[in-house]
Amino acid sequence: MGVQLVCGLFLLWDMLGSLLGLSAPPIAWVYYELAQIGAVIGLLFGMVVGATLLLRSTRRQRAAEQSLRLASGAFMEVLEERFVDWGLTPAERDVALFSIKGLSTADIAAIRKTSEGTVKAQTNAIYRKAGVSGRPQLLSLFIEDLMDDAPLGAHAKSAA
């Protein structure tokens, strides 16, 4: 970008000088022409480098989005496997999913068009079947499934 800036400023100075009649110290026309050619080449080089970096950035973004989609799909697979293992009813599955998403009991009841008491009863059944005592423990079950079993120190060593 610095090369492009210098080249662009040179050409702008040259054109404004000609347009406004500003005089510059005389230099041989060969050097003057070489400076203009160099400025144009610098601008073209900057465009090529910019386009290359844009393409790389776009590829990385697509790869990151694909990884996120895969992780999201993996999380949904883990949810479904656990729900089947616990023998949750379809209503309990809905309540469990909404609960994991962070919705309150009142919000879940409103979405499902049931009473809060029904949602609380279903939530208690989910906790009992999952062997946990509350929402944080329920969520931690799924996080553990998605995390690597290696200790945190091993990740730091492998990254170094």
# chains A, B, ... in the order shown; residues from 1 in each chain; ligands from 1
$ select_by_dssp --residues "region 8-139 of chain A" --states "helix (DSSP H, G or I)" --output "PyMOL selection string"
chain A and resi 8-20+29-86+90-100+105-112+116-130+135-139
$ residues_around --residues "Thr123 (chain A)" --least-positions-apart "6" --cutoff "12 Å" --atoms "only C-alpha atoms" --output "JSON, numbers by chain"
{"A": [88, 89, 91, 92, 93, 94, 95, 96, 97, 98, 99, 100, 104, 105, 108, 109, 116, 117, 129, 130, 132, 133, 134, 135, 138]}
$ residues_around --residues "Asp107 (chain A)" --least-positions-apart "4" --cutoff "12 Å" --atoms "only C-alpha atoms" --output "MDAnalysis selection string"
chainID A and resid 95 98:99 101:103 111:116 119:120
